[in-house]
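File shown: upload_3.pdb. Contents: PDB, C-alpha atoms.
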```
ATOM      1  CA  MET A   1       0.000   0.000   0.000
ATOM      2  CA  THR A   2       2.816   2.423   0.963
ATOM      3  CA  SER A   3       4.669   1.545  -2.247
ATOM      4  CA  VAL A   4       1.594   2.253  -4.399
ATOM      5  CA  PHE A   5       1.028   5.588  -2.606
ATOM      6  CA  ILE A   6       4.682   6.661  -3.034
ATOM      7  CA  LEU A   7       4.852   5.621  -6.699
ATOM      8  CA  GLY A   8       1.483   7.358  -7.361
ATOM      9  CA  LEU A   9       2.717  10.530  -5.656
ATOM     10  CA  ILE A  10       5.916  10.516  -7.724
ATOM     11  CA  ALA A  11       3.901   9.968 -10.926
ATOM     12  CA  VAL A  12       1.602  12.937 -10.135
ATOM     13  CA  THR A  13       4.414  15.389  -9.264
ATOM     14  CA  SER A  14       6.471  14.211 -12.273
ATOM     15  CA  LEU A  15       3.502  14.903 -14.552
ATOM     16  CA  GLY A  16       3.133  18.341 -12.899
ATOM     17  CA  GLY A  17       6.839  19.025 -13.482
ATOM     18  CA  TYR A  18       6.501  17.959 -17.110
ATOM     19  CA  LEU A  19       3.544  20.302 -17.679
ATOM     20  CA  VAL A  20       5.300  23.248 -15.992
ATOM     21  CA  GLY A  21       8.438  22.535 -18.077
ATOM     22  CA  VAL A  22       6.634  22.272 -21.412
ATOM     23  CA  ARG A  23       3.902  24.916 -21.011
ATOM     24  CA  GLY A  24       5.412  27.319 -18.468
ATOM     25  CA  LEU A  25       9.092  27.281 -19.357
ATOM     26  CA  GLY A  26       8.844  26.207 -23.000
ATOM     27  CA  LEU A  27      11.243  23.270 -22.600
ATOM     28  CA  PRO A  28      11.267  20.884 -25.588
ATOM     29  CA  PRO A  29       9.864  17.407 -24.669
ATOM     30  CA  SER A  30      12.461  15.880 -26.998
ATOM     31  CA  SER A  31      15.309  16.822 -24.603
ATOM     32  CA  LEU A  32      13.722  14.959 -21.674
ATOM     33  CA  GLY A  33      15.417  11.712 -22.738
ATOM     34  CA  ARG A  34      18.851  13.393 -22.675
ATOM     35  CA  ALA A  35      18.079  14.879 -19.244
ATOM     36  CA  PHE A  36      17.203  11.375 -17.969
ATOM     37  CA  ILE A  37      20.516  10.028 -19.300
ATOM     38  CA  HIS A  38      22.367  12.834 -17.444
ATOM     39  CA  THR A  39      20.494  11.794 -14.288
ATOM     40  CA  ILE A  40      21.542   8.150 -14.779
ATOM     41  CA  GLU A  41      25.169   9.264 -15.280
ATOM     42  CA  THR A  42      25.005  11.370 -12.110
ATOM     43  CA  LEU A  43      23.669   8.358 -10.219
ATOM     44  CA  GLY A  44      26.524   6.289 -11.596
ATOM     45  CA  ALA A  45      29.096   8.869 -10.513
ATOM     46  CA  THR A  46      27.477   8.940  -7.047
ATOM     47  CA  LEU A  47      27.660   5.144  -6.798
ATOM     48  CA  ALA A  48      31.333   5.190  -7.869
ATOM     49  CA  PHE A  49      32.173   7.813  -5.213
ATOM     50  CA  ALA A  50      30.172   5.923  -2.560
ATOM     51  CA  ALA A  51      31.987   2.650  -3.367
ATOM     52  CA  LEU A  52      35.369   4.426  -3.285
ATOM     53  CA  ASN A  53      34.537   6.106   0.022
ATOM     54  CA  VAL A  54      33.521   2.783   1.605
ATOM     55  CA  ALA A  55      36.538   0.869   0.222
ATOM     56  CA  ILE A  56      39.157   3.499   1.100
ATOM     57  CA  GLY A  57      37.438   4.230   4.446
ATOM     58  CA  THR A  58      37.460   0.542   5.431
ATOM     59  CA  ALA A  59      41.099   0.146   4.394
ATOM     60  CA  ALA A  60      42.016   3.260   6.404
ATOM     61  CA  VAL A  61      40.212   1.945   9.505
ATOM     62  CA  VAL A  62      41.888  -1.465   9.196
ATOM     63  CA  ALA A  63      45.309   0.191   8.743
ATOM     64  CA  TRP A  64      44.642   2.481  11.732
ATOM     65  CA  ARG A  65      43.761  -0.538  13.884
ATOM     66  CA  SER A  66      46.884  -2.460  12.942
ATOM     67  CA  LEU A  67      49.347   0.442  13.034
ATOM     68  CA  THR A  68      48.185   2.265  16.173
ATOM     69  CA  PRO A  69      47.081   1.097  19.635
ATOM     70  CA  TRP A  70      43.732   2.920  19.215
ATOM     71  CA  PHE A  71      40.532   1.304  18.047
ATOM     72  CA  ALA A  72      38.220   2.541  15.290
ATOM     73  CA  SER A  73      35.012   0.793  14.229
ATOM     74  CA  THR A  74      34.475  -0.203  10.605
ATOM     75  CA  TYR A  75      30.776   0.704  11.073
ATOM     76  CA  ILE A  76      31.938   4.321  10.665
ATOM     77  CA  VAL A  77      31.757   3.827   6.874
ATOM     78  CA  GLY A  78      28.035   3.009   7.174
ATOM     79  CA  ASP A  79      27.228   6.523   8.398
ATOM     80  CA  GLU A  80      24.400   8.161   6.401
ATOM     81  CA  SER A  81      26.371  11.411   5.987
ATOM     82  CA  LEU A  82      28.820   9.530   3.766
ATOM     83  CA  LEU A  83      25.991   8.780   1.317
ATOM     84  CA  VAL A  84      24.834  12.431   1.251
ATOM     85  CA  LEU A  85      28.399  13.602   0.656
ATOM     86  CA  SER A  86      28.827  10.978  -2.095
ATOM     87  CA  VAL A  87      25.706  12.426  -3.776
ATOM     88  CA  LEU A  88      27.327  15.884  -3.630
ATOM     89  CA  GLN A  89      30.538  14.467  -5.119
ATOM     90  CA  GLY A  90      28.581  12.691  -7.877
ATOM     91  CA  LEU A  91      26.531  15.812  -8.693
ATOM     92  CA  THR A  92      29.597  18.056  -8.821
ATOM     93  CA  PHE A  93      31.557  15.598 -10.978
ATOM     94  CA  SER A  94      28.616  15.197 -13.363
ATOM     95  CA  TRP A  95      28.033  18.961 -13.664
ATOM     96  CA  TRP A  96      31.755  19.463 -14.209
ATOM     97  CA  ARG A  97      31.580  17.144 -17.246
ATOM     98  CA  ILE A  98      28.457  18.954 -18.543
ATOM     99  CA  ALA A  99      30.118  22.368 -18.060
ATOM    100  CA  ARG A 100      33.128  21.200 -20.098
ATOM    101  CA  ALA A 101      30.856  19.949 -22.886
ATOM    102  CA  ARG A 102      29.089  23.312 -23.012
ATOM    103  CA  ALA A 103      32.286  25.377 -22.977
TER     104      ALA A 103
ATOM    105  CA  MET B   1      29.722   5.108 -20.436
ATOM    106  CA  LEU B   2      30.825   3.505 -17.134
ATOM    107  CA  CYS B   3      28.829   6.105 -15.181
ATOM    108  CA  ARG B   4      25.784   5.352 -17.351
ATOM    109  CA  LEU B   5      26.060   1.608 -16.699
ATOM    110  CA  LEU B   6      26.606   2.108 -12.969
ATOM    111  CA  GLY B   7      23.657   4.510 -12.803
ATOM    112  CA  ALA B   8      21.342   2.096 -14.627
ATOM    113  CA  ALA B   9      22.443  -0.753 -12.319
ATOM    114  CA  PHE B  10      21.840   1.488  -9.293
ATOM    115  CA  LEU B  11      18.297   2.341 -10.478
ATOM    116  CA  ILE B  12      17.424  -1.331 -11.049
ATOM    117  CA  VAL B  13      18.812  -2.401  -7.651
ATOM    118  CA  PHE B  14      17.005   0.496  -5.949
ATOM    119  CA  ALA B  15      13.678  -0.459  -7.568
ATOM    120  CA  VAL B  16      14.054  -4.148  -6.668
ATOM    121  CA  VAL B  17      15.121  -3.472  -3.059
ATOM    122  CA  ALA B  18      12.600  -0.710  -2.313
ATOM    123  CA  PHE B  19       9.544  -1.953  -4.171
ATOM    124  CA  THR B  20       9.678  -5.762  -4.020
ATOM    125  CA  PRO B  21       9.680  -8.099  -0.979
ATOM    126  CA  LEU B  22      13.101  -9.541  -1.965
ATOM    127  CA  VAL B  23      15.223  -8.219   0.952
ATOM    128  CA  GLY B  24      12.546  -9.232   3.465
ATOM    129  CA  SER B  25      12.641 -12.786   2.136
ATOM    130  CA  LEU B  26      16.482 -12.872   2.305
ATOM    131  CA  SER B  27      16.718 -11.744   5.940
ATOM    132  CA  PRO B  28      17.014 -14.509   8.613
ATOM    133  CA  ARG B  29      13.892 -15.862  10.330
ATOM    134  CA  ALA B  30      13.218 -16.114  14.083
ATOM    135  CA  ILE B  31      14.598 -19.204  15.883
ATOM    136  CA  GLN B  32      13.302 -20.860  19.067
ATOM    137  CA  ALA B  33      16.017 -20.583  21.757
ATOM    138  CA  ALA B  34      17.332 -23.775  23.418
ATOM    139  CA  ARG B  35      18.546 -24.471  26.972
ATOM    140  CA  ALA B  36      22.275 -23.746  27.565
ATOM    141  CA  ASP B  37      24.953 -23.067  30.201
ATOM    142  CA  ALA B  38      24.942 -19.289  29.602
ATOM    143  CA  ALA B  39      23.570 -16.574  27.360
ATOM    144  CA  VAL B  40      26.135 -14.183  25.890
ATOM    145  CA  VAL B  41      24.531 -10.856  25.035
ATOM    146  CA  LEU B  42      26.730  -9.147  22.459
ATOM    147  CA  ALA B  43      27.501  -5.446  22.602
ATOM    148  CA  GLY B  44      25.604  -2.800  20.668
ATOM    149  CA  SER B  45      26.573   0.723  21.561
ATOM    150  CA  ILE B  46      26.010   3.380  24.201
ATOM    151  CA  SER B  47      25.956   7.155  23.922
ATOM    152  CA  THR B  48      28.285   9.343  25.966
ATOM    153  CA  ASP B  49      25.296  10.316  28.158
ATOM    154  CA  GLY B  50      24.726   6.645  29.041
ATOM    155  CA  VAL B  51      21.743   5.783  26.803
ATOM    156  CA  LEU B  52      21.770   2.283  25.261
ATOM    157  CA  SER B  53      21.177   2.093  21.495
ATOM    158  CA  ASP B  54      17.950   0.413  20.291
ATOM    159  CA  SER B  55      19.904  -2.633  19.207
ATOM    160  CA  SER B  56      21.743  -2.869  22.546
ATOM    161  CA  LEU B  57      18.446  -2.602  24.434
ATOM    162  CA  ARG B  58      16.726  -5.273  22.289
ATOM    163  CA  ARG B  59      19.626  -7.649  22.880
ATOM    164  CA  VAL B  60      19.754  -7.198  26.663
ATOM    165  CA  ILE B  61      15.965  -7.570  26.998
ATOM    166  CA  GLN B  62      16.201 -10.817  25.004
ATOM    167  CA  GLY B  63      18.987 -12.018  27.352
ATOM    168  CA  ILE B  64      16.936 -11.152  30.440
ATOM    169  CA  GLN B  65      13.939 -13.037  28.989
ATOM    170  CA  LEU B  66      16.093 -16.130  28.374
ATOM    171  CA  TYR B  67      17.281 -16.017  32.003
ATOM    172  CA  LYS B  68      13.775 -15.425  33.394
ATOM    173  CA  ARG B  69      12.402 -18.345  31.349
ATOM    174  CA  GLY B  70      14.986 -20.578  33.030
ATOM    175  CA  LEU B  71      16.828 -21.383  29.797
ATOM    176  CA  VAL B  72      20.195 -20.169  31.145
ATOM    177  CA  PRO B  73      21.618 -19.818  34.687
ATOM    178  CA  LEU B  74      24.206 -17.214  33.635
ATOM    179  CA  LEU B  75      23.879 -13.964  31.745
ATOM    180  CA  VAL B  76      27.031 -12.568  30.150
ATOM    181  CA  LEU B  77      26.635  -8.899  29.303
ATOM    182  CA  SER B  78      29.147  -7.505  26.875
ATOM    183  CA  GLY B  79      29.596  -3.843  26.176
ATOM    184  CA  ALA B  80      31.570  -1.058  24.674
ATOM    185  CA  VAL B  81      32.901   1.817  26.719
ATOM    186  CA  ALA B  82      32.079   5.416  25.797
ATOM    187  CA  PRO B  83      33.628   8.364  27.660
ATOM    188  CA  GLY B  84      31.755   8.512  30.975
ATOM    189  CA  SER B  85      29.571   5.436  30.409
ATOM    190  CA  SER B  86      29.854   1.651  30.229
ATOM    191  CA  GLU B  87      27.387  -0.369  28.170
ATOM    192  CA  ALA B  88      27.966  -3.572  30.160
ATOM    193  CA  GLU B  89      27.443  -1.779  33.519
ATOM    194  CA  THR B  90      24.288  -0.030  32.269
ATOM    195  CA  ARG B  91      22.902  -3.343  30.985
ATOM    196  CA  ALA B  92      23.741  -5.065  34.287
ATOM    197  CA  GLU B  93      21.891  -2.356  36.209
ATOM    198  CA  LEU B  94      18.833  -2.897  34.003
ATOM    199  CA  ALA B  95      19.050  -6.684  34.400
ATOM    200  CA  ARG B  96      19.219  -6.388  38.198
ATOM    201  CA  GLU B  97      16.235  -4.016  38.226
ATOM    202  CA  LEU B  98      14.289  -6.526  36.140
ATOM    203  CA  GLY B  99      14.972  -9.359  38.584
ATOM    204  CA  VAL B 100      18.192 -11.059  37.430
ATOM    205  CA  ALA B 101      20.267 -12.244  40.410
ATOM    206  CA  ASP B 102      23.541 -10.382  40.819
ATOM    207  CA  SER B 103      25.406 -13.703  41.040
ATOM    208  CA  ALA B 104      24.068 -14.694  37.586
ATOM    209  CA  ILE B 105      25.540 -11.647  35.832
ATOM    210  CA  ILE B 106      29.005 -11.677  34.287
ATOM    211  CA  LEU B 107      30.380  -8.540  32.659
ATOM    212  CA  LEU B 108      32.527  -8.415  29.518
ATOM    213  CA  THR B 109      33.704  -4.828  29.489
ATOM    214  CA  GLY B 110      35.597  -2.841  26.898
ATOM    215  CA  THR B 111      34.936  -5.247  24.028
ATOM    216  CA  ARG B 112      35.512  -3.783  20.561
ATOM    217  CA  THR B 113      34.784  -6.415  17.925
ATOM    218  CA  THR B 114      32.801  -9.655  17.742
ATOM    219  CA  ARG B 115      36.034 -11.667  17.725
ATOM    220  CA  ASP B 116      37.244  -9.723  20.761
ATOM    221  CA  GLU B 117      33.999 -10.638  22.553
ATOM    222  CA  ALA B 118      34.400 -14.322  21.646
ATOM    223  CA  THR B 119      38.023 -14.410  22.879
ATOM    224  CA  LYS B 120      37.239 -12.650  26.172
ATOM    225  CA  ALA B 121      34.109 -14.787  26.734
ATOM    226  CA  ALA B 122      36.139 -17.960  26.173
ATOM    227  CA  ARG B 123      38.713 -16.851  28.754
ATOM    228  CA  LEU B 124      35.996 -16.068  31.319
ATOM    229  CA  LEU B 125      33.509 -18.866  30.712
ATOM    230  CA  GLN B 126      35.538 -21.915  29.828
ATOM    231  CA  ALA B 127      37.315 -21.669  33.211
ATOM    232  CA  ARG B 128      33.844 -22.066  34.774
ATOM    233  CA  GLY B 129      33.079 -25.126  32.680
ATOM    234  CA  VAL B 130      30.673 -23.329  30.356
ATOM    235  CA  ARG B 131      30.589 -25.001  26.946
ATOM    236  CA  HIS B 132      27.140 -24.583  25.450
ATOM    237  CA  ILE B 133      26.065 -20.961  25.043
ATOM    238  CA  LEU B 134      23.192 -19.000  23.578
ATOM    239  CA  VAL B 135      24.471 -16.068  21.548
ATOM    240  CA  VAL B 136      22.140 -13.085  21.635
ATOM    241  CA  THR B 137      22.485 -10.560  18.824
ATOM    242  CA  ASP B 138      20.608  -9.131  15.823
ATOM    243  CA  PRO B 139      19.513 -11.714  13.215
ATOM    244  CA  LEU B 140      21.796 -10.270  10.510
ATOM    245  CA  HIS B 141      24.852 -10.338  12.800
ATOM    246  CA  MET B 142      24.209 -13.931  13.980
ATOM    247  CA  ALA B 143      26.148 -15.877  11.299
ATOM    248  CA  ARG B 144      29.388 -13.937  11.928
ATOM    249  CA  ALA B 145      28.937 -14.042  15.723
ATOM    250  CA  ARG B 146      28.243 -17.786  15.659
ATOM    251  CA  ALA B 147      31.411 -18.415  13.620
ATOM    252  CA  ALA B 148      33.543 -16.320  16.019
ATOM    253  CA  PHE B 149      32.273 -18.145  19.147
ATOM    254  CA  THR B 150      32.461 -21.589  17.527
ATOM    255  CA  ALA B 151      36.100 -20.867  16.610
ATOM    256  CA  GLU B 152      36.763 -20.335  20.352
ATOM    257  CA  GLY B 153      35.504 -23.846  21.150
ATOM    258  CA  PHE B 154      31.943 -23.103  22.264
ATOM    259  CA  GLU B 155      28.870 -25.076  21.245
ATOM    260  CA  VAL B 156      26.705 -22.213  20.019
ATOM    261  CA  SER B 157      22.921 -21.999  19.777
ATOM    262  CA  PRO B 158      21.555 -18.818  18.241
ATOM    263  CA  ALA B 159      19.026 -16.709  20.148
ATOM    264  CA  PRO B 160      18.511 -13.742  17.817
ATOM    265  CA  THR B 161      16.486 -10.712  18.795
ATOM    266  CA  GLY B 162      13.338  -9.878  16.921
ATOM    267  CA  ARG B 163      13.657  -7.328  14.175
ATOM    268  CA  PRO B 164      11.209  -4.421  14.104
ATOM    269  CA  ARG B 165       8.736  -4.877  11.263
ATOM    270  CA  VAL B 166      10.104  -2.243   8.934
ATOM    271  CA  THR B 167      10.074  -4.311   5.773
ATOM    272  CA  ASN B 168       6.553  -3.355   4.710
ATOM    273  CA  SER B 169       7.570   0.121   3.506
ATOM    274  CA  PRO B 170      10.107   1.087   0.798
ATOM    275  CA  GLY B 171      12.177   3.049   3.371
ATOM    276  CA  GLY B 172      12.233   0.082   5.749
ATOM    277  CA  ARG B 173      13.306  -2.273   2.967
ATOM    278  CA  LEU B 174      16.100   0.141   1.957
ATOM    279  CA  ARG B 175      17.367   0.289   5.566
ATOM    280  CA  LEU B 176      17.259  -3.507   5.786
ATOM    281  CA  GLY B 177      19.112  -3.719   2.440
ATOM    282  CA  ARG B 178      21.791  -1.312   3.723
ATOM    283  CA  ASP B 179      22.186  -3.340   6.951
ATOM    284  CA  MET B 180      22.564  -6.533   4.883
ATOM    285  CA  VAL B 181      25.269  -4.958   2.710
ATOM    286  CA  VAL B 182      27.126  -3.681   5.803
ATOM    287  CA  GLU B 183      26.970  -7.181   7.352
ATOM    288  CA  TRP B 184      28.182  -8.841   4.134
ATOM    289  CA  LEU B 185      31.142  -6.432   4.073
ATOM    290  CA  ALA B 186      31.882  -7.113   7.752
ATOM    291  CA  THR B 187      31.773 -10.878   7.106
ATOM    292  CA  LEU B 188      34.114 -10.463   4.139
ATOM    293  CA  LEU B 189      36.516  -8.462   6.315
ATOM    294  CA  TYR B 190      36.260 -11.073   9.101
ATOM    295  CA  ARG B 191      37.033 -13.955   6.710
ATOM    296  CA  THR B 192      39.913 -12.051   5.083
ATOM    297  CA  SER B 193      41.500 -11.303   8.461
ATOM    298  CA  GLN B 194      41.031 -14.967   9.498
ATOM    299  CA  LEU B 195      42.866 -16.105   6.351
ATOM    300  CA  TRP B 196      45.610 -13.535   6.977
ATOM    301  CA  GLN B 197      46.030 -14.756  10.573
ATOM    302  CA  ARG B 198      46.258 -18.408   9.432
ATOM    303  CA  ARG B 199      48.944 -17.484   6.892
ATOM    304  CA  THR B 200      51.045 -15.518   9.370
ATOM    305  CA  THR B 201      50.866 -18.157  12.159
TER     306      THR B 201
END
```
Take the structure in the file and write it out as structure tokens.
Amino acid sequence: MTSVFILGLIAVTSLGGYLVGVRGLGLPPSSLGRAFIHTIETLGATLAFAALNVAIGTAAVVAWRSLTPWFASTYIVGDESLLVLSVLQGLTFSWWRIARARA
Amino acid sequence: MLCRLLGAAFLIVFAVVAFTPLVGSLSPRAIQAARADAAVVLAGSISTDGVLSDSSLRRVIQGIQLYKRGLVPLLVLSGAVAPGSSEAETRAELARELGVADSAIILLTGTRTTRDEATKAARLLQARGVRHILVVTDPLHMARARAAFTAEGFEVSPAPTGRPRVTNSPGGRLRLGRDMVVEWLATLLYRTSQLWQRRTT
């Protein structure tokens, strides 16, 4: 039930966004496909940064544990802030590529 | 191109995890606890102001229930130490308030990892003749915990805590999926370090 509600809500607001884009802002519907591909690429960049952060973070914690007498938990790499920051990294990287293509 | 492929894979995994019952069906089921010589309640975490985490509280309540049902005569309470507070001490206080005899409580303080808990428990319990134990932890953590305690020579029966029913919403399924990934990574790390130790000894 929750899933149906959430998917329905997303469908309604997406349709609203489409109408505002086409009628209000005069955006061409033909470029929506390209925008979706940019979104997919941004997601991919985010996933790559998240995987790198987890891998390098875990290696750093393991190295810290074996090289110093102090303890650090590997659960630190599961912190939600790391995901938010990975999204920021992915967005910035993706926009950087787009900015270069436009220049 | 790589970003595009990764992004598409991410979207598919997200849709499957959030909007299908797959992760719920992969997570471990509840098990009926058996009778044993002791219950070892594994550490969760405690805040610096002395508040037990949800997971820590669920585990200690499960341990107290096992003792009160007469399934174990000894309750081993493990715990991390945060500045100004001790998880094991806080759990022991709660257990005493809920009717567990002081003589039945054994503290494992300052434990850091599951393996650390297994090693310290072996040192403490095997001297008392304890061989068969109930390990109390979250269902996802049970496989790794069981392996660590079995490696120390214990006969281990699992007594996992219940998991809150969060798997009927997309957010709950995503959290469960994240916890499963974290546990898989921890198990991978545990097995790698075990292999490394075998090679170096």
Residue IDs satisfying the PyMOL selection byres ((chain B and resi 66-79) around 7), as number ranges by chain: B: 34-44, 62-65, 80-81, 86-88, 91-92, 104-111
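Distances here use all atoms listed in the file; by that measure, the residue among A:Thr68, A:Asn53, A:Thr46, A:Ser86 closest to chain B is A:Thr46.
Once the PyMOL selection byres ((chain B and resi 9) around 12) is applied to the depicted file, the selected set reads Ile40, Glu41, Leu43, Gly44, Ala45, Leu47 and Ala48 of chain A; Leu2, Cys3, Arg4, Leu5, Leu6, Gly7, Ala8, Phe10, Leu11, Ile12, Val13, Phe14, Ala15 and Val16 of chain B.
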Selection result for the PyMOL selection byres ((chain B and resi 52-54) around 12) on this file, as number ranges by chain: B: 43-51, 55-61, 79-82, 85-94, 137-138, 161-164
Residue list for chain A near chain B as a VMD selection string, 12 Å, all atoms listed in the file: chain A and resid 1 to 7 34 36 to 51 54 to 55 58 to 59 61 to 62 65 to 66 70 to 80 83 90 to 91 93 to 94 97
Kindly give the distance, in Å, that separates atom CA of B:Pro139 and atom CA of B:Arg173, rounded to a single decimal. 15.3 Å
Per-axis box centre and lengths in Å around stretch 32-37 of chain A, 6 Å margin per side, axis-aligned, as JSON:
```
{"center_x": 17.1, "center_y": 12.5, "center_z": -20.4, "size_x": 18.8, "size_y": 16.9, "size_z": 16.8}
```
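The two atoms in question, atom CA of A:Ser14 and atom CA of A:Trp95, are spaced 22.1 Å apart.
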Which one of B:Arg96, B:Glu152, B:Gln197, B:Thr187 sits closest to B:Leu124 if you count all atoms listed in the file? B:Glu152
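The spacing separating atom CA of B:Ser25 from atom CA of B:Ala147 amounts to 22.7 Å.
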In terms of the shortest atom-to-atom distance over only C-alpha atoms, which of B:Leu140, B:Val156, B:Phe149, B:Gln126 is closest to B:Trp184? B:Leu140
